[in-house]
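Colleague: Dropping a structure here in structure tokens format, bear with me for questions.
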Amino acid sequence: MAVSYGESILIKMTPEDIKAIKAKMEQAGIKNRSAYIRKMARDGYIIMLDLSDLKEVLRLLRINSNNLNQYAKKANECGEVYREDMKVLQSQLDEIWEAVRGILERLANIS
């Protein structure tokens with residue numbers, strides 16, 4: 001189903017205005033100027049989140065999951081796991097939770 005726009009609005013801008021809009025679009029990672037201008041006209045803001053630390057949390061989760069799978073395999077093969085292995089796993093999990101708490105705190109402070 002195609003979206004139909006009923007009315008056009010023509011606005012004139014100085015070259016400086018257009019340059020400023022392009023800079024803000026690049027900063028926000030937006031390529032569609034019409035969509036950007038509509039969003040800004042309606043809402044007045046765009047929130048851009050830097051979630052690069054989320055990638056680190058996912059990396060830690062993968063490592064932790066791989067280690068857990070190895071420990072489970074070892075337990076199934078020989079019937080036991082080592083206390084030191086469990087301490088490493090718990091330490092990794094604590095690190096993951098600390099990173100998640102930091103992300104959640106930053107998200108909660110967005111106004």
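Here's how to read the names in the structure tokens: chain A, B, ... by the order shown, residue numbers from 1 in each chain, ligand numbers from 1 in the order shown.
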Can you tell me which residues surround Ala99 (chain A) at a distance of at most 7 Å, considering only C-alpha atoms, apart from same-chain residues fewer than 4 positions away, and format the answer as a compact mmCIF listing (two decimals) with N, CA and C atoms, in the first residue's frame?

Modeller:
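Here's the written file result.txt:
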```
# COMPACT_ATOMS: atom_id res chain seq x y z
N VAL A 57 28.95 -6.04 25.29
CA VAL A 57 28.15 -6.94 26.13
C VAL A 57 27.81 -8.21 25.35
N GLU A 95 30.73 -9.42 35.16
CA GLU A 95 31.20 -8.37 34.26
C GLU A 95 30.11 -7.99 33.25
N ILE A 103 24.69 0.47 30.86
CA ILE A 103 23.89 0.83 29.68
C ILE A 103 22.49 1.28 30.12
```

Colleague: Find, counting only C-alpha atoms, the residue in A:Asn76, A:Ser34, A:Asn67, A:Gln27 that gets nearest to Met48 (chain A).

Modeller: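 Smallest distance to Met48 (chain A) is found for A:Gln27.
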
Colleague: Which residues are near region 85-87 of chain A? Cut-off 10 Å, only C-alpha atoms, ignore same chain within fewer than 5 positions. Put them as an NGL selection string.

Modeller: :A and (67-68 or 71 or 92-93)

Colleague: Work out how far CA of Tyr36 (chain A) is from CA of Ile9 (chain A), in Å to one decimal.

Modeller: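 Distance between the two atoms: 14.3 Å.
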
Colleague: What's the separation between CA of Glu16 (chain A) and CA of Met40 (chain A), in Å to one decimal place?

Modeller: 17.6 Å

Colleague: Write out as a ChimeraX atom specification which residues come within 12 Å of region 10-14 of chain A when counting only C-alpha atoms, dropping same-chain ones fewer than 6 positions away.

Modeller: /A:20-21,34,37,41

Colleague: Take the residues from that selection and put them in a file with C-alpha atoms, as a compact mmCIF listing (two decimals), in the first residue's frame.

Modeller:
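Saved result, part.txt, follows:
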```txt
# COMPACT_ATOMS: atom_id res chain seq x y z
CA ALA A 20 23.65 22.99 8.77
CA ILE A 21 20.85 20.53 7.99
CA SER A 34 12.67 14.87 3.37
CA ILE A 37 12.86 17.55 7.84
CA ALA A 41 9.03 19.63 11.91
```

Colleague: For Val100 (chain A), please output as a ChimeraX atom specification all residues within 12 Å (counting only C-alpha atoms; exclusion window: fewer than 5 positions along the same chain).

Modeller: /A:51,53-58,60-61,93-95,105-107

Colleague: Report the distance between CA of Lys31 (chain A) and CA of Ser4 (chain A) in Å, rounded to one decimal place.

Modeller: 21.0 Å
